[in-house]
file data13.csv (CSV, C-alpha atoms and all ligand atoms)
chain,number,residue,atom,x,y,z
P,1,MET,CA,-75.4,-32.8,31.8
P,2,GLU,CA,-77.1,-30.1,33.9
P,3,ASN,CA,-76.8,-26.5,33.0
P,4,THR,CA,-74.7,-25.6,36.0
P,5,PRO,CA,-72.2,-22.7,35.7
P,6,PHE,CA,-68.5,-23.5,35.6
P,7,LYS,CA,-65.3,-21.4,35.7
P,8,ALA,CA,-64.0,-20.0,32.5
P,9,PHE,CA,-61.3,-17.4,31.4
P,10,LEU,CA,-63.1,-15.1,29.0
P,11,ILE,CA,-61.5,-12.9,26.4
P,12,GLU,CA,-63.8,-10.0,25.6
P,13,GLN,CA,-63.8,-6.7,23.7
P,14,ASP,CA,-64.9,-3.4,25.3
P,15,GLU,CA,-66.8,-0.6,23.5
P,16,ASN,CA,-63.5,0.8,22.2
P,17,ARG,CA,-62.5,-2.5,20.8
P,18,GLN,CA,-59.9,-3.0,23.5
P,19,VAL,CA,-59.3,-6.6,24.5
P,20,LYS,CA,-60.2,-7.4,28.1
P,21,SER,CA,-59.7,-10.7,29.8
P,22,ARG,CA,-61.2,-11.9,33.1
P,23,MET,CA,-62.1,-15.0,35.1
P,24,GLY,CA,-65.8,-15.6,34.9
P,25,THR,CA,-68.3,-18.3,34.4
P,26,LEU,CA,-70.1,-20.0,31.5
P,27,THR,CA,-72.9,-22.5,31.4
P,28,PRO,CA,-72.8,-25.7,29.2
P,29,ASP,CA,-75.6,-24.4,26.9
P,30,ARG,CA,-73.3,-21.5,25.9
P,31,LEU,CA,-70.4,-23.7,24.8
P,32,ASP,CA,-69.9,-23.9,21.0
P,33,ALA,CA,-71.2,-26.7,18.9
P,34,GLY,CA,-69.4,-30.0,18.7
P,35,GLU,CA,-69.8,-33.7,19.1
P,36,VAL,CA,-67.6,-34.2,22.1
P,37,LEU,CA,-68.1,-32.6,25.6
P,38,ILE,CA,-64.9,-32.8,27.6
P,39,ARG,CA,-64.2,-32.2,31.3
P,40,VAL,CA,-60.9,-30.3,31.1
P,41,HIS,CA,-58.1,-31.5,33.4
P,42,TYR,CA,-55.3,-29.4,32.0
P,43,SER,CA,-54.5,-26.6,29.6
P,44,SER,CA,-51.3,-24.8,28.8
P,45,ILE,CA,-49.9,-21.4,27.9
P,46,ASN,CA,-48.4,-20.8,24.4
P,47,TYR,CA,-47.1,-17.5,23.1
P,48,LYS,CA,-50.3,-17.3,21.0
P,49,ASP,CA,-52.4,-17.6,24.2
P,50,ALA,CA,-50.6,-14.7,25.6
P,51,LEU,CA,-51.1,-12.6,22.5
P,52,ALA,CA,-54.8,-13.5,22.6
P,53,ALA,CA,-55.4,-12.8,26.3
P,54,THR,CA,-53.5,-9.5,26.4
P,55,GLY,CA,-54.7,-8.3,23.0
P,56,ALA,CA,-51.0,-7.8,22.0
P,57,GLY,CA,-51.8,-9.8,18.9
P,58,LYS,CA,-55.0,-9.9,16.9
P,59,ILE,CA,-55.6,-13.6,17.6
P,60,ILE,CA,-59.3,-13.7,18.7
P,61,ARG,CA,-61.7,-13.9,15.8
P,62,ARG,CA,-64.9,-14.1,17.8
P,63,PHE,CA,-65.6,-12.2,21.1
P,64,PRO,CA,-66.3,-13.3,23.7
P,65,CYS,CA,-64.1,-16.4,23.5
P,66,VAL,CA,-62.7,-18.7,26.2
P,67,GLY,CA,-59.0,-18.6,25.7
P,68,GLY,CA,-56.6,-21.6,25.7
P,69,ILE,CA,-55.6,-23.3,22.4
P,70,ASP,CA,-54.8,-26.5,24.2
P,71,LEU,CA,-56.8,-28.9,26.4
P,72,SER,CA,-56.7,-32.4,27.7
P,73,GLY,CA,-59.3,-34.2,29.7
P,74,GLU,CA,-61.9,-36.9,29.8
P,75,VAL,CA,-65.0,-37.3,27.6
P,76,VAL,CA,-68.2,-36.5,29.3
P,77,GLU,CA,-70.6,-37.2,26.4
P,78,SER,CA,-70.0,-37.7,22.7
P,79,ALA,CA,-72.2,-38.0,19.7
P,80,ASP,CA,-69.3,-39.7,17.9
P,81,PRO,CA,-68.9,-43.4,18.8
P,82,ARG,CA,-65.1,-43.2,18.6
P,83,PHE,CA,-65.1,-41.3,21.9
P,84,ALA,CA,-66.6,-43.2,24.9
P,85,PRO,CA,-67.5,-41.3,28.1
P,86,GLY,CA,-64.5,-41.4,30.4
P,87,ALA,CA,-61.9,-41.7,27.5
P,88,PRO,CA,-58.8,-39.5,27.9
P,89,VAL,CA,-58.4,-37.1,25.0
P,90,ILE,CA,-56.4,-34.2,23.7
P,91,ALA,CA,-57.7,-31.3,21.7
P,92,THR,CA,-55.4,-28.6,20.3
P,93,SER,CA,-55.4,-26.1,17.5
P,94,PHE,CA,-58.1,-25.6,14.8
P,95,ASP,CA,-60.3,-22.8,16.1
P,96,ILE,CA,-59.9,-23.7,19.8
P,97,GLY,CA,-59.3,-20.6,21.9
P,98,VAL,CA,-59.5,-18.4,18.8
P,99,SER,CA,-63.1,-18.5,17.5
P,100,HIS,CA,-64.3,-21.5,19.5
P,101,HIS,CA,-64.4,-21.6,23.3
P,102,GLY,CA,-61.1,-23.1,24.4
P,103,GLY,CA,-59.2,-24.9,27.1
P,104,TYR,CA,-59.3,-22.3,29.9
P,105,ALA,CA,-62.6,-23.6,31.2
P,106,GLU,CA,-63.8,-26.6,33.3
P,107,TYR,CA,-65.7,-27.9,30.2
P,108,ALA,CA,-65.1,-27.7,26.5
P,109,ARG,CA,-67.3,-28.9,23.6
P,110,VAL,CA,-65.4,-29.4,20.3
P,111,PRO,CA,-66.0,-31.1,17.0
P,112,ALA,CA,-64.9,-34.8,17.0
P,113,GLY,CA,-62.5,-34.1,14.1
P,114,TRP,CA,-60.4,-31.9,16.4
P,115,VAL,CA,-60.1,-34.6,19.1
P,116,VAL,CA,-57.1,-37.0,19.4
P,117,PRO,CA,-57.3,-40.1,21.7
P,118,LEU,CA,-54.5,-39.8,24.3
P,119,PRO,CA,-51.8,-42.1,23.0
P,120,ALA,CA,-50.4,-44.9,25.2
P,121,GLY,CA,-47.2,-43.5,26.8
P,122,LEU,CA,-48.5,-40.1,27.7
P,123,ASP,CA,-50.8,-39.0,30.6
P,124,LEU,CA,-53.1,-36.0,30.5
P,125,PHE,CA,-50.6,-33.8,32.3
P,126,GLU,CA,-47.7,-34.7,29.9
P,127,ALA,CA,-50.0,-34.1,26.9
P,128,MET,CA,-50.3,-30.4,28.1
P,129,ALA,CA,-46.7,-30.1,29.1
P,130,LEU,CA,-46.2,-30.8,25.4
P,131,GLY,CA,-49.4,-29.0,24.1
P,132,THR,CA,-49.2,-27.0,20.9
P,133,ALA,CA,-45.6,-26.2,21.5
P,134,GLY,CA,-44.6,-29.8,21.6
P,135,PHE,CA,-46.8,-30.8,18.8
P,136,THR,CA,-45.4,-28.0,16.6
P,137,ALA,CA,-41.7,-28.8,17.5
P,138,ALA,CA,-42.4,-32.5,16.6
P,139,LEU,CA,-44.2,-31.5,13.4
P,140,GLY,CA,-41.2,-29.4,12.4
P,141,ILE,CA,-38.8,-32.3,13.0
P,142,VAL,CA,-41.0,-34.7,11.1
P,143,ARG,CA,-41.2,-32.3,8.2
P,144,MET,CA,-37.4,-31.9,8.2
P,145,GLU,CA,-36.8,-35.6,8.4
P,146,ASP,CA,-39.3,-36.2,5.5
P,147,ASN,CA,-37.1,-33.7,3.6
P,148,GLY,CA,-34.0,-35.7,4.2
P,149,LEU,CA,-32.6,-34.4,7.5
P,150,ALA,CA,-30.7,-37.0,9.5
P,151,PRO,CA,-28.2,-36.8,12.4
P,152,ASP,CA,-25.2,-37.5,10.1
P,153,ASN,CA,-26.0,-34.5,7.9
P,154,GLY,CA,-24.6,-32.0,10.5
P,155,PRO,CA,-25.6,-29.7,13.3
P,156,VAL,CA,-29.2,-28.4,13.8
P,157,VAL,CA,-29.7,-24.8,15.2
P,158,VAL,CA,-32.7,-24.0,17.3
P,159,THR,CA,-33.7,-20.3,17.7
P,160,GLY,CA,-35.8,-19.0,20.6
P,161,ALA,CA,-34.1,-21.8,22.5
P,162,THR,CA,-35.5,-21.2,26.0
P,163,GLY,CA,-39.1,-20.9,24.8
P,164,GLY,CA,-41.6,-23.6,24.9
P,165,VAL,CA,-41.2,-24.8,21.3
P,166,GLY,CA,-37.4,-24.2,21.4
P,167,GLY,CA,-36.7,-26.2,24.6
P,168,LEU,CA,-38.9,-29.1,23.5
P,169,ALA,CA,-37.3,-29.2,20.0
P,170,ILE,CA,-33.8,-29.3,21.6
P,171,ASP,CA,-34.8,-32.2,23.8
P,172,MET,CA,-36.4,-34.2,21.0
P,173,LEU,CA,-33.5,-33.5,18.5
P,174,ALA,CA,-30.9,-34.5,21.1
P,175,ARG,CA,-32.8,-37.7,21.9
P,176,LEU,CA,-32.8,-38.6,18.2
P,177,GLY,CA,-29.0,-38.1,18.1
P,178,TYR,CA,-28.7,-34.7,16.5
P,179,HIS,CA,-25.9,-32.2,17.4
P,180,VAL,CA,-28.0,-29.3,18.6
P,181,VAL,CA,-26.9,-25.7,18.8
P,182,ALA,CA,-29.1,-23.4,20.9
P,183,LEU,CA,-29.4,-19.7,19.9
P,184,THR,CA,-30.6,-17.8,22.9
P,185,GLY,CA,-31.0,-14.3,24.3
P,186,LYS,CA,-30.7,-15.7,27.8
P,187,GLU,CA,-27.0,-16.5,28.3
P,188,ALA,CA,-27.7,-17.2,32.0
P,189,GLU,CA,-29.8,-20.2,30.9
P,190,ALA,CA,-26.9,-22.0,29.2
P,191,GLY,CA,-27.0,-24.7,31.9
P,192,TYR,CA,-30.7,-25.3,31.4
P,193,LEU,CA,-30.2,-25.6,27.6
P,194,GLU,CA,-27.3,-28.0,28.1
P,195,MET,CA,-29.4,-30.1,30.5
P,196,LEU,CA,-32.0,-30.4,27.7
P,197,GLY,CA,-29.4,-31.7,25.3
P,198,ALA,CA,-27.9,-28.7,23.6
P,199,ALA,CA,-24.3,-29.5,22.6
P,200,GLU,CA,-23.4,-25.8,22.0
P,201,ILE,CA,-24.9,-22.5,23.2
P,202,LEU,CA,-24.8,-19.5,20.9
P,203,PRO,CA,-25.7,-16.2,22.7
P,204,ARG,CA,-27.6,-13.8,20.4
P,205,SER,CA,-25.3,-11.0,21.6
P,206,THR,CA,-22.4,-12.6,19.8
P,207,ILE,CA,-24.0,-12.1,16.3
P,208,ASP,CA,-24.6,-8.8,14.6
P,209,PHE,CA,-27.9,-9.6,12.9
P,210,ASP,CA,-27.8,-6.2,11.1
P,211,LYS,CA,-24.7,-7.2,9.2
P,212,VAL,CA,-25.6,-10.6,7.7
P,213,ARG,CA,-24.5,-11.1,4.1
P,214,PRO,CA,-26.7,-13.1,1.6
P,215,LEU,CA,-24.5,-16.1,2.2
P,216,GLU,CA,-22.3,-16.7,5.3
P,217,GLY,CA,-20.2,-19.7,6.3
P,218,ALA,CA,-22.3,-22.8,5.9
P,219,LYS,CA,-22.9,-24.4,9.4
P,220,TRP,CA,-26.3,-26.0,9.8
P,221,ALA,CA,-27.9,-29.1,8.2
P,222,GLY,CA,-31.2,-28.2,9.9
P,223,ALA,CA,-32.8,-25.3,11.7
P,224,VAL,CA,-35.9,-24.9,13.9
P,225,ASP,CA,-36.7,-21.1,13.7
P,226,ASN,CA,-39.2,-19.7,16.3
P,227,VAL,CA,-38.4,-16.1,15.9
P,228,GLY,CA,-38.4,-14.9,12.2
P,229,GLY,CA,-37.1,-11.5,11.1
P,230,LYS,CA,-33.4,-10.9,10.8
P,231,ILE,CA,-32.6,-14.0,12.8
P,232,LEU,CA,-34.3,-16.2,10.1
P,233,HIS,CA,-32.4,-14.3,7.4
P,234,TRP,CA,-29.2,-15.2,9.3
P,235,VAL,CA,-30.3,-18.9,9.6
P,236,LEU,CA,-30.9,-19.1,5.9
P,237,ALA,CA,-27.5,-17.4,5.1
P,238,THR,CA,-25.7,-19.9,7.3
P,239,MET,CA,-27.3,-23.2,6.1
P,240,LYS,CA,-25.2,-25.9,4.6
P,241,GLN,CA,-25.8,-27.4,1.1
P,242,ALA,CA,-29.3,-29.0,1.0
P,243,GLY,CA,-30.1,-27.8,4.5
P,244,THR,CA,-33.6,-27.7,5.8
P,245,VAL,CA,-35.2,-25.0,7.8
P,246,ALA,CA,-38.6,-25.3,9.7
P,247,SER,CA,-40.2,-21.9,10.0
P,248,ILE,CA,-42.3,-22.1,13.1
P,249,GLY,CA,-42.6,-18.7,14.8
P,250,ASN,CA,-42.4,-14.9,14.8
P,251,ALA,CA,-41.4,-14.1,18.4
P,252,ALA,CA,-39.0,-11.4,17.0
P,253,SER,CA,-40.8,-10.4,13.8
P,254,PHE,CA,-43.2,-11.6,11.1
P,255,ASN,CA,-41.1,-9.9,8.5
P,256,LEU,CA,-38.5,-11.8,6.4
P,257,GLU,CA,-36.1,-9.8,4.3
P,258,THR,CA,-33.6,-12.2,2.7
P,259,THR,CA,-32.2,-13.2,-0.7
P,260,VAL,CA,-32.8,-16.2,-2.9
P,261,PHE,CA,-29.1,-17.3,-2.7
P,262,PRO,CA,-29.5,-19.9,0.0
P,263,PHE,CA,-32.2,-21.5,-2.2
P,264,ILE,CA,-30.6,-21.4,-5.6
P,265,LEU,CA,-26.9,-21.7,-4.6
P,266,ARG,CA,-27.2,-24.1,-1.7
P,267,GLY,CA,-30.4,-25.9,-2.4
P,268,VAL,CA,-31.8,-24.9,1.0
P,269,SER,CA,-35.4,-25.8,1.8
P,270,LEU,CA,-37.6,-23.5,3.8
P,271,LEU,CA,-40.5,-25.5,5.2
P,272,GLY,CA,-43.6,-23.9,6.6
P,273,VAL,CA,-45.0,-25.4,9.8
P,274,ASP,CA,-48.6,-24.8,10.6
P,275,SER,CA,-49.8,-26.8,13.6
P,276,GLY,CA,-53.2,-25.2,13.6
P,277,TYR,CA,-54.9,-26.9,10.7
P,278,MET,CA,-52.7,-30.0,10.3
P,279,GLY,CA,-55.3,-32.7,10.0
P,280,PHE,CA,-55.4,-36.4,10.3
P,281,PRO,CA,-53.6,-38.8,9.9
P,282,THR,CA,-50.5,-36.6,10.4
P,283,ARG,CA,-51.9,-35.1,13.6
P,284,GLN,CA,-52.3,-38.6,15.1
P,285,ARG,CA,-48.9,-39.8,13.8
P,286,VAL,CA,-47.1,-36.8,15.4
P,287,TRP,CA,-48.9,-37.4,18.8
P,288,GLU,CA,-47.9,-41.0,18.6
P,289,ARG,CA,-44.3,-40.1,18.0
P,290,LEU,CA,-44.5,-37.6,20.9
P,291,ALA,CA,-45.5,-40.5,23.1
P,292,THR,CA,-42.6,-42.7,21.9
P,293,ASP,CA,-39.3,-41.8,20.1
P,294,LEU,CA,-39.9,-38.0,20.3
P,295,LYS,CA,-41.0,-37.9,23.9
P,296,PRO,CA,-38.8,-35.3,25.5
P,297,ARG,CA,-36.5,-36.8,28.2
P,298,HIS,CA,-36.7,-33.7,30.4
P,299,LEU,CA,-40.4,-32.9,30.1
P,300,ALA,CA,-40.9,-32.5,33.8
P,301,ALA,CA,-37.8,-30.2,34.1
P,302,VAL,CA,-39.1,-27.9,31.3
P,303,THR,CA,-42.6,-27.6,32.9
P,304,ARG,CA,-44.1,-25.6,35.7
P,305,THR,CA,-47.7,-25.9,36.8
P,306,ILE,CA,-50.0,-23.1,37.8
P,307,ALA,CA,-53.4,-23.0,39.3
P,308,PHE,CA,-56.3,-21.9,37.2
P,309,ASP,CA,-56.8,-18.8,39.4
P,310,ASP,CA,-53.2,-17.7,38.7
P,311,LEU,CA,-53.7,-17.7,34.9
P,312,PRO,CA,-54.5,-14.0,34.4
P,313,GLY,CA,-51.2,-12.9,35.8
P,314,ALA,CA,-49.1,-15.3,33.8
P,315,PHE,CA,-49.3,-13.8,30.3
P,316,ASP,CA,-47.2,-10.7,30.4
P,317,ALA,CA,-43.9,-12.5,30.8
P,318,TYR,CA,-44.6,-14.3,27.5
P,319,ILE,CA,-45.1,-10.9,25.7
P,320,ARG,CA,-41.8,-9.7,27.2
P,321,GLY,CA,-40.0,-12.8,26.0
P,322,GLU,CA,-39.0,-13.7,29.5
P,323,VAL,CA,-40.5,-17.2,29.8
P,324,LYS,CA,-38.5,-20.3,30.1
P,325,GLY,CA,-40.0,-23.7,29.2
P,326,ARG,CA,-43.7,-24.7,29.4
P,327,THR,CA,-46.5,-23.8,31.7
P,328,VAL,CA,-49.3,-26.2,32.4
P,329,VAL,CA,-52.6,-24.8,33.8
P,330,ARG,CA,-54.3,-27.1,36.2
P,331,ILE,CA,-58.0,-26.7,35.4
P,332,GLY,CA,-60.1,-29.6,36.9
P,333,ALA,CA,-57.6,-32.4,37.6
P,401,LIG,N1,-46.4,-22.4,13.3
P,401,LIG,C1,-47.2,-22.9,14.3
P,401,LIG,O1,-48.0,-23.7,14.2
P,401,LIG,C2,-46.8,-22.4,15.7
P,401,LIG,C3,-47.2,-23.2,16.8
P,401,LIG,C4,-46.7,-22.8,18.1
P,401,LIG,C5,-46.0,-21.7,18.3
P,401,LIG,N2,-45.7,-20.9,17.2
P,401,LIG,C6,-44.9,-19.7,17.3
P,401,LIG,O2,-43.6,-20.1,17.6
P,401,LIG,C7,-42.9,-19.1,18.4
P,401,LIG,C8,-42.4,-19.7,19.7
P,401,LIG,O3,-43.6,-20.1,20.5
P,401,LIG,P1,-43.3,-20.5,22.0
P,401,LIG,O4,-44.7,-21.0,22.5
P,401,LIG,O5,-42.1,-21.3,22.2
P,401,LIG,O6,-43.1,-19.0,22.6
P,401,LIG,P2,-42.3,-18.6,24.0
P,401,LIG,O7,-42.3,-19.7,24.9
P,401,LIG,O8,-42.8,-17.3,24.3
P,401,LIG,O9,-40.7,-18.5,23.4
P,401,LIG,C9,-40.3,-17.6,22.5
P,401,LIG,C10,-38.8,-17.5,22.7
P,401,LIG,O10,-38.3,-16.7,21.6
P,401,LIG,C11,-37.2,-15.9,22.0
P,401,LIG,N3,-37.5,-14.5,21.7
P,401,LIG,C12,-38.6,-13.8,22.3
P,401,LIG,N4,-38.6,-12.5,21.8
P,401,LIG,C13,-37.5,-12.4,21.0
P,401,LIG,C14,-37.0,-11.4,20.2
P,401,LIG,N5,-37.6,-10.2,20.2
P,401,LIG,N6,-35.9,-11.6,19.4
P,401,LIG,C15,-35.4,-12.9,19.4
P,401,LIG,N7,-35.8,-13.9,20.1
P,401,LIG,C16,-36.9,-13.7,20.9
P,401,LIG,C17,-37.0,-16.2,23.5
P,401,LIG,O11,-36.0,-17.2,23.6
P,401,LIG,P3,-34.5,-16.9,23.9
P,401,LIG,O12,-34.4,-15.9,24.9
P,401,LIG,O13,-33.9,-18.3,24.3
P,401,LIG,O14,-33.9,-16.5,22.6
P,401,LIG,C18,-38.3,-16.7,23.9
P,401,LIG,O15,-38.3,-17.5,25.0
P,401,LIG,C19,-44.0,-18.0,18.6
P,401,LIG,O16,-43.8,-17.0,17.6
P,401,LIG,C20,-45.3,-18.7,18.4
P,401,LIG,O17,-46.3,-17.9,17.9
P,401,LIG,C21,-46.1,-21.3,15.9

call {"tool": "encode", "arguments": {"input": "data13.csv", "output": "structure tokens"}}
result
Amino acid sequence: MENTPFKAFLIEQDENRQVKSRMGTLTPDRLDAGEVLIRVHYSSINYKDALAATGAGKIIRRFPCVGGIDLSGEVVESADPRFAPGAPVIATSFDIGVSHHGGYAEYARVPAGWVVPLPAGLDLFEAMALGTAGFTAALGIVRMEDNGLAPDNGPVVVTGATGGVGGLAIDMLARLGYHVVALTGKEAEAGYLEMLGAAEILPRSTIDFDKVRPLEGAKWAGAVDNVGGKILHWVLATMKQAGTVASIGNAASFNLETTVFPFILRGVSLLGVDSGYMGFPTRQRVWERLATDLKPRHLAAVTRTIAFDDLPGAFDAYIRGEVKGRTVVRIGA
């Protein structure tokens, strides 16, 4: 491939160590090392991308870095025989968009071990409508199922319900036959959450999270927690016997002040979910389930698409917690 400049969204640091992001260009010879060169069709926005691009979180570990922890596209060239030129692929997580140039560029070069062949049943757009958010929601569900969660065990609560991970988790759980309860700060979005498959809506305003006892009434067989902090304490205190919690996010807080009572008196399991460094074969197994029995039924309704040039203005709403659903960024499709 010739060394022609292409468009890239660069996250840089100024002389005062302030994070600055801008649309710019890069040439192929400045891409990071890897066996697979990909022409990027789509990327997406995750909360982590917004933290990285705005500097609201210390996400970037190497400046400058092209943002975007997710990408899908077609292989241009590959030193690994598993990936033929023209093959559709997905690459998410690992160091992508953190310390290795990411998906907000027309081209990306990544190690072959980070690349997943696009499974039958998904197209490149759908893969990014899911992105890290969908992968993580599915990984959390798979982990809870491996720990014994089943629809007959009882309701599953999803916190941060209108977010990317939350909405997709609701859709997947409802498809599997779970009774899903959506905890949300956006009461006006009740109709949206019901459309995704939530059986009940629980407005955050109805709960005083400052007054949660070590154990409250036991309600949930499972929980997908995207927010952490006092809300995760409340989740733990309201779990049923042998309930399972997937701890995914920290949209409210990375702190967790709680007691051991849910664990030692109700046998509750608190499972950590790290999409970033989940390797093979689990990574491929989760993507294959995302293309089959976990494929959200309302993926199109959850997703909006923005042009690459509109990317810089899209991050602040994530930081303010105002975003609903998923955002796909059309890069070179
Ligand atoms: N562990 C992993 O591998 C992994 C992977 C992906 C994402 N994550 C994390 O998972 C979380 C969700 O990611 P996302 O992409 O879905 O983010 P998102 O689209 O920005 O959604 C987050 C949602 O959390 C709720 N929320 C925001 N601020 C809150 C606050 N102060 N208190 C309580 N709830 C609040 C809001 O939903 P409501 O208004 O409906 O309550 C918001 O829509 C993030 O913390 C992200 O970093 C972790």

call {"tool": "residues_near_ligand", "arguments": {"input": "data13.csv", "ligand": "ligand LIG 401 (chain P)", "cutoff": "7 Å", "atoms": "all atoms listed in the file", "output": "JSON, numbers by chain"}}
result
{"P": [46, 47, 48, 132, 133, 136, 159, 160, 161, 162, 163, 164, 165, 166, 183, 184, 185, 186, 226, 227, 248, 249, 250, 251, 252, 273, 274, 275, 276, 318, 319, 320, 321, 322, 323, 324, 325, 326]}

call {"tool": "write_last_selection", "arguments": {"input": "data13.csv", "atoms": "C-alpha atoms", "output": "PDB file, keeping the file's coordinate frame"}}
result
ATOM      1  CA  ASN P  46     -48.400 -20.800  24.400  1.00  0.00           C
ATOM      2  CA  TYR P  47     -47.100 -17.500  23.100  1.00  0.00           C
ATOM      3  CA  LYS P  48     -50.300 -17.300  21.000  1.00  0.00           C
ATOM      4  CA  THR P 132     -49.200 -27.000  20.900  1.00  0.00           C
ATOM      5  CA  ALA P 133     -45.600 -26.200  21.500  1.00  0.00           C
ATOM      6  CA  THR P 136     -45.400 -28.000  16.600  1.00  0.00           C
ATOM      7  CA  THR P 159     -33.700 -20.300  17.700  1.00  0.00           C
ATOM      8  CA  GLY P 160     -35.800 -19.000  20.600  1.00  0.00           C
ATOM      9  CA  ALA P 161     -34.100 -21.800  22.500  1.00  0.00           C
ATOM     10  CA  THR P 162     -35.500 -21.200  26.000  1.00  0.00           C
ATOM     11  CA  GLY P 163     -39.100 -20.900  24.800  1.00  0.00           C
ATOM     12  CA  GLY P 164     -41.600 -23.600  24.900  1.00  0.00           C
ATOM     13  CA  VAL P 165     -41.200 -24.800  21.300  1.00  0.00           C
ATOM     14  CA  GLY P 166     -37.400 -24.200  21.400  1.00  0.00           C
ATOM     15  CA  LEU P 183     -29.400 -19.700  19.900  1.00  0.00           C
ATOM     16  CA  THR P 184     -30.600 -17.800  22.900  1.00  0.00           C
ATOM     17  CA  GLY P 185     -31.000 -14.300  24.300  1.00  0.00           C
ATOM     18  CA  LYS P 186     -30.700 -15.700  27.800  1.00  0.00           C
ATOM     19  CA  ASN P 226     -39.200 -19.700  16.300  1.00  0.00           C
ATOM     20  CA  VAL P 227     -38.400 -16.100  15.900  1.00  0.00           C
ATOM     21  CA  ILE P 248     -42.300 -22.100  13.100  1.00  0.00           C
ATOM     22  CA  GLY P 249     -42.600 -18.700  14.800  1.00  0.00           C
ATOM     23  CA  ASN P 250     -42.400 -14.900  14.800  1.00  0.00           C
ATOM     24  CA  ALA P 251     -41.400 -14.100  18.400  1.00  0.00           C
ATOM     25  CA  ALA P 252     -39.000 -11.400  17.000  1.00  0.00           C
ATOM     26  CA  VAL P 273     -45.000 -25.400   9.800  1.00  0.00           C
ATOM     27  CA  ASP P 274     -48.600 -24.800  10.600  1.00  0.00           C
ATOM     28  CA  SER P 275     -49.800 -26.800  13.600  1.00  0.00           C
ATOM     29  CA  GLY P 276     -53.200 -25.200  13.600  1.00  0.00           C
ATOM     30  CA  TYR P 318     -44.600 -14.300  27.500  1.00  0.00           C
ATOM     31  CA  ILE P 319     -45.100 -10.900  25.700  1.00  0.00           C
ATOM     32  CA  ARG P 320     -41.800  -9.700  27.200  1.00  0.00           C
ATOM     33  CA  GLY P 321     -40.000 -12.800  26.000  1.00  0.00           C
ATOM     34  CA  GLU P 322     -39.000 -13.700  29.500  1.00  0.00           C
ATOM     35  CA  VAL P 323     -40.500 -17.200  29.800  1.00  0.00           C
ATOM     36  CA  LYS P 324     -38.500 -20.300  30.100  1.00  0.00           C
ATOM     37  CA  GLY P 325     -40.000 -23.700  29.200  1.00  0.00           C
ATOM     38  CA  ARG P 326     -43.700 -24.700  29.400  1.00  0.00           C
TER      39      ARG P 326
END

call {"tool": "atom_distance", "arguments": {"input": "data13.csv", "atom1": "CA of Pro88 (chain P)", "atom2": "CA of Ile331 (chain P)"}}
result
14.9 Å

call {"tool": "atom_distance", "arguments": {"input": "data13.csv", "atom1": "CA of Gly222 (chain P)", "atom2": "CA of Ala150 (chain P)"}}
result
8.8 Å

call {"tool": "closest_residue", "arguments": {"input": "data13.csv", "among": "P:Asn255, P:Ser43, P:Gln13, P:Thr244", "to": "Ile141 (chain P)", "atoms": "only C-alpha atoms"}}
result
P:Thr244

call {"tool": "closest_residue", "arguments": {"input": "data13.csv", "among": "P:Asp152, P:Glu194, P:Glu145, P:Asp208", "to": "Asp171 (chain P)", "atoms": "all atoms listed in the file"}}
result
P:Glu194

call {"tool": "residues_around", "arguments": {"input": "data13.csv", "residues": "Val89 (chain P)", "least_positions_apart": "6", "cutoff": "8 Å", "atoms": "all atoms listed in the file", "output": "list in words"}}
result
Ser72, Gly73, Glu74, Val75, Val115, Val116, Pro117, Leu118 and Leu124 of chain P

call {"tool": "closest_residue", "arguments": {"input": "data13.csv", "among": "P:Ser44, P:Thr27, P:Thr206, P:Thr258", "to": "Asn3 (chain P)", "atoms": "only C-alpha atoms"}}
result
P:Thr27

call {"tool": "closest_residue", "arguments": {"input": "data13.csv", "among": "P:Thr303, P:Glu106, P:Val40, P:Ala223", "to": "Phe6 (chain P)", "atoms": "all atoms listed in the file"}}
result
P:Glu106

call {"tool": "atom_distance", "arguments": {"input": "data13.csv", "atom1": "CA of Ile59 (chain P)", "atom2": "CA of Asp225 (chain P)"}}
result
20.7 Å

call {"tool": "residues_around", "arguments": {"input": "data13.csv", "residues": "Ala301 (chain P)", "least_positions_apart": "3", "cutoff": "12 Å", "atoms": "all atoms listed in the file", "output": "ChimeraX atom specification"}}
result
/P:126,129,164,167-168,171,192-193,195-196,296-298,304-305,324-327

call {"tool": "write_last_selection", "arguments": {"input": "data13.csv", "atoms": "C-alpha atoms", "output": "short mmCIF file (atom, residue, chain, number, x, y, z; two decimals), in the frame of the given file"}}
result
data_model
loop_
_atom_site.label_atom_id
_atom_site.label_comp_id
_atom_site.auth_asym_id
_atom_site.auth_seq_id
_atom_site.Cartn_x
_atom_site.Cartn_y
_atom_site.Cartn_z
CA GLU P 126 -47.70 -34.70 29.90
CA ALA P 129 -46.70 -30.10 29.10
CA GLY P 164 -41.60 -23.60 24.90
CA GLY P 167 -36.70 -26.20 24.60
CA LEU P 168 -38.90 -29.10 23.50
CA ASP P 171 -34.80 -32.20 23.80
CA TYR P 192 -30.70 -25.30 31.40
CA LEU P 193 -30.20 -25.60 27.60
CA MET P 195 -29.40 -30.10 30.50
CA LEU P 196 -32.00 -30.40 27.70
CA PRO P 296 -38.80 -35.30 25.50
CA ARG P 297 -36.50 -36.80 28.20
CA HIS P 298 -36.70 -33.70 30.40
CA ARG P 304 -44.10 -25.60 35.70
CA THR P 305 -47.70 -25.90 36.80
CA LYS P 324 -38.50 -20.30 30.10
CA GLY P 325 -40.00 -23.70 29.20
CA ARG P 326 -43.70 -24.70 29.40
CA THR P 327 -46.50 -23.80 31.70
#

call {"tool": "closest_residue", "arguments": {"input": "data13.csv", "among": "P:Gly121, P:Gly97, P:Gly131, P:Gly267", "to": "Ile60 (chain P)", "atoms": "all atoms listed in the file"}}
result
P:Gly97
